[in-house]
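Next up, target.cif (mmCIF, C-alpha atoms):
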```cif
data_structure
loop_
_atom_site.label_atom_id
_atom_site.label_comp_id
_atom_site.auth_asym_id
_atom_site.auth_seq_id
_atom_site.Cartn_x
_atom_site.Cartn_y
_atom_site.Cartn_z
CA MET J 18 27.70 -23.35 -0.98
CA THR J 19 28.35 -20.83 1.80
CA ILE J 20 26.14 -17.89 2.73
CA ASP J 21 28.50 -15.51 0.92
CA GLU J 22 28.48 -17.72 -2.16
CA ALA J 23 24.69 -17.98 -2.05
CA LEU J 24 24.37 -14.20 -1.94
CA ALA J 25 26.73 -13.89 -4.90
CA TYR J 26 24.68 -16.52 -6.76
CA GLY J 27 21.46 -14.62 -6.02
CA ARG J 28 22.91 -11.31 -7.17
CA ALA J 29 24.11 -12.84 -10.43
CA GLN J 30 20.78 -14.55 -11.11
CA LEU J 31 18.83 -11.37 -10.37
CA SER J 32 21.10 -9.00 -12.27
CA ASN J 33 18.14 -7.68 -14.30
CA SER J 34 16.57 -6.36 -11.11
CA PRO J 35 17.29 -2.72 -10.18
CA THR J 36 18.24 -3.97 -6.69
CA PRO J 37 19.87 -7.42 -7.05
CA HIS J 38 21.92 -7.07 -3.85
CA ILE J 39 18.85 -6.27 -1.77
CA ASP J 40 16.68 -8.91 -3.43
CA ALA J 41 19.24 -11.69 -2.95
CA ARG J 42 19.70 -10.68 0.69
CA ILE J 43 15.98 -10.49 1.50
CA LEU J 44 15.35 -13.93 0.00
CA LEU J 45 18.17 -15.52 2.00
CA GLU J 46 17.07 -13.75 5.20
CA HIS J 47 13.57 -15.09 4.60
CA LEU J 48 14.78 -18.62 3.95
CA LEU J 49 17.08 -18.78 6.96
CA GLN J 50 14.83 -16.65 9.18
CA ARG J 51 17.90 -14.65 10.15
CA PRO J 52 18.66 -10.91 9.97
CA TYR J 53 21.24 -9.38 7.66
CA SER J 54 23.68 -9.02 10.57
CA TYR J 55 23.70 -12.82 10.86
CA LEU J 56 24.47 -13.23 7.15
CA LEU J 57 27.37 -10.80 7.46
CA ALA J 58 28.80 -12.52 10.53
CA HIS J 59 28.43 -16.07 9.16
CA GLY J 60 29.36 -15.63 5.51
CA ASP J 61 31.50 -18.79 5.52
CA LYS J 62 28.74 -20.98 6.98
CA LYS J 63 27.59 -23.64 4.52
CA LEU J 64 23.98 -24.06 3.56
CA THR J 65 22.48 -27.51 3.78
CA ALA J 66 21.48 -29.22 0.54
CA VAL J 67 17.82 -28.55 1.35
CA GLN J 68 18.47 -24.89 2.13
CA LEU J 69 20.42 -24.44 -1.10
CA ALA J 70 17.69 -26.05 -3.19
CA ASP J 71 15.04 -23.90 -1.51
CA TYR J 72 17.06 -20.75 -2.05
CA GLN J 73 17.55 -21.56 -5.72
CA ARG J 74 13.77 -21.99 -6.07
CA LEU J 75 13.12 -18.63 -4.43
CA VAL J 76 15.65 -16.92 -6.68
CA ALA J 77 14.11 -18.58 -9.74
CA ARG J 78 10.69 -17.20 -8.81
CA ALA J 79 12.12 -13.71 -8.42
CA ARG J 80 14.02 -14.01 -11.70
CA GLN J 81 10.73 -14.79 -13.45
CA GLY J 82 9.32 -11.49 -12.22
CA GLU J 83 7.38 -12.50 -9.13
CA PRO J 84 7.62 -9.57 -6.68
CA ILE J 85 9.84 -10.24 -3.67
CA PRO J 86 7.12 -9.30 -1.12
CA TYR J 87 4.80 -11.96 -2.55
CA ILE J 88 7.59 -14.54 -2.29
CA THR J 89 8.36 -13.67 1.32
CA GLY J 90 4.74 -12.85 2.22
CA GLN J 91 5.54 -9.50 3.79
CA ALA J 92 6.35 -5.90 2.92
CA PRO J 93 7.61 -2.89 4.90
CA PHE J 94 5.45 0.15 5.65
CA PHE J 95 6.65 2.85 8.03
CA ASP J 96 8.24 0.98 10.98
CA PHE J 97 6.36 -2.30 10.61
CA MET J 98 5.89 -5.24 8.24
CA VAL J 99 2.52 -6.16 6.79
CA ARG J 100 1.55 -9.55 5.46
CA VAL J 101 0.79 -9.46 1.74
CA ASN J 102 -0.39 -11.88 -0.91
CA THR J 103 -1.77 -11.53 -4.42
CA ALA J 104 -5.15 -10.38 -3.05
CA VAL J 105 -3.60 -7.02 -2.07
CA LEU J 106 -1.23 -4.42 -3.44
CA ILE J 107 2.33 -4.21 -2.21
CA PRO J 108 2.63 -0.95 -0.18
CA ARG J 109 4.60 1.85 -1.86
CA PRO J 110 6.66 4.64 -0.25
CA GLU J 111 4.39 7.30 -1.78
CA THR J 112 1.53 6.05 0.36
CA GLU J 113 3.51 6.75 3.53
CA GLU J 114 3.36 10.46 2.65
CA LEU J 115 -0.41 10.19 2.19
CA VAL J 116 -0.65 8.81 5.72
CA SER J 117 1.67 11.48 7.13
CA GLN J 118 -0.50 14.24 5.69
CA ALA J 119 -3.63 12.68 7.17
CA VAL J 120 -1.93 12.28 10.55
CA GLN J 121 -0.93 15.96 10.65
CA TYR J 122 -4.53 16.98 10.08
CA ALA J 123 -6.01 14.39 12.45
CA GLN J 124 -3.78 15.57 15.27
CA THR J 125 -5.66 18.88 15.26
CA LEU J 126 -8.90 17.08 16.18
CA PRO J 127 -9.75 15.70 19.63
CA ALA J 128 -11.11 12.28 18.58
CA PRO J 129 -11.32 12.00 14.79
CA HIS J 130 -13.36 9.33 13.05
CA ILE J 131 -11.24 8.16 10.09
CA VAL J 132 -12.03 5.74 7.27
CA ASP J 133 -9.50 4.09 4.96
CA VAL J 134 -11.28 3.38 1.67
CA GLY J 135 -9.89 0.53 -0.42
CA THR J 136 -7.82 -0.71 2.50
CA GLY J 137 -6.15 -3.70 0.80
CA SER J 138 -3.53 -5.01 3.22
CA GLY J 139 -4.76 -2.55 5.83
CA CYS J 140 -1.40 -0.76 5.90
CA ILE J 141 -2.91 2.75 5.80
CA ALA J 142 -5.47 2.12 8.55
CA ILE J 143 -2.89 0.36 10.70
CA ALA J 144 -0.36 3.19 10.33
CA LEU J 145 -3.06 5.70 11.25
CA ALA J 146 -4.11 3.64 14.27
CA ARG J 147 -0.53 3.34 15.50
CA GLN J 148 0.14 7.07 15.15
CA LEU J 149 -3.25 8.33 16.34
CA PRO J 150 -4.23 6.62 19.59
CA GLN J 151 -7.16 9.03 20.00
CA ALA J 152 -8.72 8.19 16.61
CA ARG J 153 -11.59 5.85 15.72
CA LEU J 154 -10.62 3.85 12.66
CA GLU J 155 -12.73 2.11 10.03
CA ALA J 156 -11.66 0.49 6.77
CA VAL J 157 -13.57 -0.57 3.67
CA ASP J 158 -12.75 -2.83 0.74
CA ILE J 159 -14.85 -4.45 -1.94
CA SER J 160 -12.67 -7.58 -1.82
CA GLY J 161 -13.36 -10.11 0.90
CA ASP J 162 -9.96 -11.70 0.27
CA ALA J 163 -8.25 -8.36 0.85
CA LEU J 164 -10.17 -7.85 4.08
CA THR J 165 -8.97 -11.24 5.32
CA VAL J 166 -5.38 -10.02 4.87
CA ALA J 167 -6.16 -6.65 6.47
CA ARG J 168 -7.75 -8.24 9.54
CA THR J 169 -4.76 -10.53 9.99
CA ASN J 170 -2.45 -7.53 9.90
CA MET J 171 -4.64 -5.57 12.29
CA PHE J 172 -4.71 -8.35 14.88
CA LYS J 173 -0.90 -8.37 14.91
CA LEU J 174 -0.10 -4.68 14.53
CA ALA J 175 -3.05 -2.69 15.91
CA PRO J 176 -5.26 -5.16 17.76
CA GLY J 177 -8.84 -4.06 18.21
CA ARG J 178 -8.29 -0.63 16.68
CA ILE J 179 -10.00 -0.97 13.29
CA ARG J 180 -13.52 -1.96 12.25
CA PHE J 181 -13.74 -3.42 8.75
CA TYR J 182 -16.56 -3.29 6.21
CA GLU J 183 -16.95 -5.08 2.89
CA GLY J 184 -18.58 -3.02 0.19
CA ASP J 185 -18.45 -0.15 -2.27
CA LEU J 186 -16.39 2.82 -1.11
CA LEU J 187 -18.27 4.86 1.52
CA GLN J 188 -21.60 3.08 1.20
CA PRO J 189 -21.15 0.51 4.02
CA LEU J 190 -20.30 3.12 6.66
CA PRO J 191 -22.96 3.41 9.36
CA THR J 192 -21.95 6.94 10.38
CA PRO J 193 -20.23 9.84 8.57
CA PRO J 194 -16.45 10.13 9.11
CA ASP J 195 -14.38 13.23 9.78
CA ILE J 196 -11.54 12.10 7.54
CA VAL J 197 -11.41 9.93 4.42
CA VAL J 198 -8.06 8.51 3.36
CA ALA J 199 -7.91 6.55 0.11
CA ASN J 200 -5.41 5.00 -2.25
CA LEU J 201 -7.88 3.84 -4.88
CA PRO J 202 -7.17 2.18 -8.24
CA TYR J 203 -5.97 4.98 -10.54
CA ILE J 204 -4.13 3.29 -13.43
CA SER J 205 -5.61 4.40 -16.77
CA LYS J 206 -6.16 2.09 -19.71
CA SER J 207 -3.15 3.49 -21.56
CA GLU J 208 -0.89 3.31 -18.50
CA TRP J 209 -1.82 -0.33 -17.86
CA THR J 210 -0.02 -1.48 -21.01
CA LEU J 211 3.18 0.24 -19.81
CA LEU J 212 3.28 -1.32 -16.34
CA ASP J 213 6.04 -3.72 -15.40
CA ASP J 214 5.06 -7.38 -15.84
CA GLY J 215 5.76 -7.98 -12.15
CA VAL J 216 2.84 -5.65 -11.41
CA LYS J 217 0.49 -6.67 -14.22
CA LEU J 218 0.94 -10.41 -13.78
CA HIS J 219 0.96 -10.61 -9.99
CA GLU J 220 -0.69 -7.65 -8.26
CA PRO J 221 -4.53 -7.56 -8.23
CA SER J 222 -5.91 -5.67 -11.22
CA LEU J 223 -9.01 -4.87 -9.14
CA ALA J 224 -6.78 -2.67 -6.96
CA LEU J 225 -4.99 -1.04 -9.91
CA LYS J 226 -7.28 -0.39 -12.87
CA GLY J 227 -9.20 2.87 -12.66
CA GLY J 228 -10.98 2.83 -16.03
CA VAL J 229 -10.19 4.63 -19.26
CA ASP J 230 -8.83 7.77 -17.58
CA GLY J 231 -7.96 6.10 -14.26
CA LEU J 232 -10.51 8.18 -12.37
CA ASP J 233 -13.60 5.95 -12.22
CA LEU J 234 -13.25 5.19 -8.51
CA VAL J 235 -12.10 8.69 -7.59
CA LYS J 236 -15.18 10.20 -9.27
CA ARG J 237 -17.49 7.83 -7.43
CA LEU J 238 -15.80 8.41 -4.08
CA LEU J 239 -16.07 12.19 -4.41
CA GLN J 240 -19.71 11.84 -5.44
CA GLN J 241 -20.51 9.64 -2.43
CA ALA J 242 -18.56 11.94 -0.13
CA MET J 243 -20.92 14.81 -0.88
CA ASN J 244 -23.56 13.07 1.24
CA LYS J 245 -21.40 10.86 3.46
CA LEU J 246 -19.08 13.30 5.26
CA ARG J 247 -19.58 15.26 8.43
CA PRO J 248 -19.39 19.07 8.20
CA HIS J 249 -15.83 20.44 8.30
CA SER J 250 -14.24 17.15 7.24
CA ALA J 251 -11.31 16.27 4.98
CA ILE J 252 -10.43 13.89 2.16
CA PHE J 253 -6.88 12.68 1.46
CA LEU J 254 -6.43 10.96 -1.91
CA GLU J 255 -3.40 9.36 -3.53
CA ILE J 256 -3.58 9.97 -7.28
CA GLY J 257 -1.65 9.23 -10.46
CA TRP J 258 1.14 11.64 -11.30
CA GLN J 259 -0.68 12.91 -14.42
CA GLN J 260 -4.06 13.33 -12.74
CA GLY J 261 -3.53 16.40 -10.55
CA GLU J 262 -5.41 18.92 -12.68
CA ALA J 263 -8.27 16.56 -13.52
CA VAL J 264 -8.81 15.44 -9.92
CA THR J 265 -8.62 19.03 -8.66
CA GLN J 266 -11.38 19.98 -11.09
CA LEU J 267 -13.50 17.01 -10.00
CA ALA J 268 -13.10 17.95 -6.35
CA ARG J 269 -13.84 21.62 -7.04
CA ALA J 270 -17.04 20.73 -8.90
CA ARG J 271 -18.34 18.71 -5.97
CA PHE J 272 -16.97 20.84 -3.14
CA PRO J 273 -16.92 24.41 -4.52
CA ASP J 274 -16.32 26.01 -1.13
CA ALA J 275 -13.60 23.61 0.02
CA ALA J 276 -9.90 24.31 0.45
CA ILE J 277 -8.19 22.09 -2.11
CA GLN J 278 -4.46 21.36 -2.07
CA LEU J 279 -2.29 19.32 -4.43
CA LEU J 280 0.98 17.93 -3.06
CA PRO J 281 3.93 16.33 -4.88
CA ASP J 282 5.72 13.07 -4.12
CA LEU J 283 9.47 12.82 -3.52
CA ALA J 284 10.03 12.96 -7.28
CA GLY J 285 8.18 16.26 -7.49
CA ARG J 286 5.16 14.82 -9.29
CA ASP J 287 1.51 15.37 -8.32
CA ARG J 288 0.57 12.58 -5.88
CA ILE J 289 -1.78 13.70 -3.07
CA LEU J 290 -5.00 15.67 -3.24
CA ILE J 291 -6.40 17.15 -0.01
CA VAL J 292 -9.94 18.47 0.21
CA LYS J 293 -10.96 20.29 3.40
CA THR J 294 -14.67 21.09 3.47
#
```
What does this structure look like when you write it as C-alpha cells?
Amino acid sequence: MTIDEALAYGRAQLSNSPTPHIDARILLEHLLQRPYSYLLAHGDKKLTAVQLADYQRLVARARQGEPIPYITGQAPFFDFMVRVNTAVLIPRPETEELVSQAVQYAQTLPAPHIVDVGTGSGCIAIALARQLPQARLEAVDISGDALTVARTNMFKLAPGRIRFYEGDLLQPLPTPPDIVVANLPYISKSEWTLLDDGVKLHEPSLALKGGVDGLDLVKRLLQQAMNKLRPHSAIFLEIGWQQGEAVTQLARARFPDAAIQLLPDLAGRDRILIVKT
C-alpha cells in the first residue's frame, strides 16, 4: 500500500469523524515521523509491511473513539505542541482566547505574578510564559500525574519559567498573585451524559466534572480568591456556555466593587469571565 492509498484507507475507516482527512493525515505523519509536505511529495512510496500494520492499528484505535491527541501523544496550542496523555485534558481553541485576554491585561503591569489554577498539561502557563517574558509564573493542580505532564512540557517549551504546586486551587500558593487564570472543571451533571464518548471514556473526569451545576470548583476558587489575591488584581475564568449569568452573580457576590466582564467565544456563546478587583 502506498502513502496515498494509506491516506485513502484512513479516511474511509474514519468516515464517522467530522475530520477524517485530517485524522488520517495526522496518524500517518505521526507513524512516519514526516510532515504533510513529505506525504504529498511521496504519495506513490510504498509502506513497509510493519508500517502498514502499525498504521492500521492506529486507525483502529481512532475508529473506536480514542482521541487523536492521545494516540499521537501531543496536541497543538498556539504555536507549539504540548505532550498529552489521559492524565490531562486535550487543549481546546477556546482556551487560547482565555490566555490572550490574560496576556493583554498582564502587559499593562511591569512584572506580574500569575498563577494558572488547574494547569493540566501546563498549556496555559506555558503560553503565558512564552508571551510574557517579564512575568513570574506559577501553576497548581490537584493531580500529581497531571503535574508530571506539565513539568515535562515546561522543560521543553518554557524551561525554568514556571513553578508548580500540587494542591487545592489557590491554597498551596506561598504569596498572593496579581492574576489568576483558570480553566477549571465546569461540566454539569446533566451535560456529562451528553458528552461525546471520546471525551467521557478517555479524558480525565477529574478535570471535567464540576458537580451538579458545574460550578463547584468555580465557587471554591472565587471564595479562596477573596483572601488570596493582592489588591488591584484580576481573575480570568473559562466557563461553560450556559453559566455566564450564574458565574457573574457568584463573582459579584464575592467582589461587589470589582469590574466584571463576560466575553463570548468564537461561536458567540459566553465563555470567559474577567474580574478586576
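Those DNA, RNA and protein residues that approach the point (-6.2, 16.5, 14.2) to within 12 Å, considering only C-alpha atoms, are Ser117, Gln118, Ala119, Val120, Gln121, Tyr122, Ala123, Gln124, Thr125, Leu126, Pro127, Ala128, Pro129, His130, Ile131, Leu145, Gln148, Leu149, Pro150, Gln151, Ala152, Asp195, Ile196, His249, Ser250 and Ala251 of chain J.
What the PyMOL selection byres ((chain J and resi 79) around 10) grabs from this file is Gly27, Gln30, Leu31, Ser34, Asp40, Ala41, Leu44, Gln73, Arg74, Leu75, Val76, Ala77, Arg78, Arg80, Gln81, Gly82, Glu83, Pro84, Ile85, Pro86, Tyr87, Ile88 and Gly215 of chain J.
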With C-alpha atoms retained, write the just-selected residues as a PDB file, in the coordinates of the input.
```
ATOM      1  CA  GLY J  27      21.460 -14.620  -6.020  1.00  0.00           C
ATOM      2  CA  GLN J  30      20.780 -14.550 -11.110  1.00  0.00           C
ATOM      3  CA  LEU J  31      18.830 -11.370 -10.370  1.00  0.00           C
ATOM      4  CA  SER J  34      16.570  -6.360 -11.110  1.00  0.00           C
ATOM      5  CA  ASP J  40      16.680  -8.910  -3.430  1.00  0.00           C
ATOM      6  CA  ALA J  41      19.240 -11.690  -2.950  1.00  0.00           C
ATOM      7  CA  LEU J  44      15.350 -13.930   0.000  1.00  0.00           C
ATOM      8  CA  GLN J  73      17.550 -21.560  -5.720  1.00  0.00           C
ATOM      9  CA  ARG J  74      13.770 -21.990  -6.070  1.00  0.00           C
ATOM     10  CA  LEU J  75      13.120 -18.630  -4.430  1.00  0.00           C
ATOM     11  CA  VAL J  76      15.650 -16.920  -6.680  1.00  0.00           C
ATOM     12  CA  ALA J  77      14.110 -18.580  -9.740  1.00  0.00           C
ATOM     13  CA  ARG J  78      10.690 -17.200  -8.810  1.00  0.00           C
ATOM     14  CA  ARG J  80      14.020 -14.010 -11.700  1.00  0.00           C
ATOM     15  CA  GLN J  81      10.730 -14.790 -13.450  1.00  0.00           C
ATOM     16  CA  GLY J  82       9.320 -11.490 -12.220  1.00  0.00           C
ATOM     17  CA  GLU J  83       7.380 -12.500  -9.130  1.00  0.00           C
ATOM     18  CA  PRO J  84       7.620  -9.570  -6.680  1.00  0.00           C
ATOM     19  CA  ILE J  85       9.840 -10.240  -3.670  1.00  0.00           C
ATOM     20  CA  PRO J  86       7.120  -9.300  -1.120  1.00  0.00           C
ATOM     21  CA  TYR J  87       4.800 -11.960  -2.550  1.00  0.00           C
ATOM     22  CA  ILE J  88       7.590 -14.540  -2.290  1.00  0.00           C
ATOM     23  CA  GLY J 215       5.760  -7.980 -12.150  1.00  0.00           C
TER      24      GLY J 215
END
```
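Distance-wise, CA of Gly135 (chain J) and CA of Leu154 (chain J) end up 13.5 Å apart.
Between CA of Leu279 (chain J) and CA of Glu183 (chain J) there is a distance of 29.4 Å.
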The residue from J:Ala175, J:Ala144, J:Leu24, J:Ile43 with the smallest atom-to-atom distance to Leu64 (chain J), counting all atoms listed in the file, is J:Leu24
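Distance annotation: of J:Gln241, J:Arg180, J:Lys206, J:Arg247, the residue with the minimal separation from Gly227 (chain J) is J:Lys206; atom set is all atoms listed in the file.
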What residues come out when you apply the PyMOL selection byres ((chain J and resi 176) around 12) to this file, written as a ChimeraX atom specification? /J:142-143,146-147,150,154,167-175,177-180
Export C-alpha atoms of the chosen residues as a short mmCIF file (atom, residue, chain, number, x, y, z; two decimals), in the frame of the given file?
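Wrote it out as result-v9.cif, contents follow:
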```
data_model
loop_
_atom_site.label_atom_id
_atom_site.label_comp_id
_atom_site.auth_asym_id
_atom_site.auth_seq_id
_atom_site.Cartn_x
_atom_site.Cartn_y
_atom_site.Cartn_z
CA ALA J 142 -5.47 2.12 8.55
CA ILE J 143 -2.89 0.36 10.70
CA ALA J 146 -4.11 3.64 14.27
CA ARG J 147 -0.53 3.34 15.50
CA PRO J 150 -4.23 6.62 19.59
CA LEU J 154 -10.62 3.85 12.66
CA ALA J 167 -6.16 -6.65 6.47
CA ARG J 168 -7.75 -8.24 9.54
CA THR J 169 -4.76 -10.53 9.99
CA ASN J 170 -2.45 -7.53 9.90
CA MET J 171 -4.64 -5.57 12.29
CA PHE J 172 -4.71 -8.35 14.88
CA LYS J 173 -0.90 -8.37 14.91
CA LEU J 174 -0.10 -4.68 14.53
CA ALA J 175 -3.05 -2.69 15.91
CA GLY J 177 -8.84 -4.06 18.21
CA ARG J 178 -8.29 -0.63 16.68
CA ILE J 179 -10.00 -0.97 13.29
CA ARG J 180 -13.52 -1.96 12.25
#
```
In Å, how far is it from CA of Arg237 (chain J) to CA of Ile204 (chain J)? 15.3 Å
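Considering all atoms listed in the file, the residue among J:Leu234, J:Val229, J:Leu187, J:Leu48 positioned nearest to Glu208 (chain J) is J:Val229.
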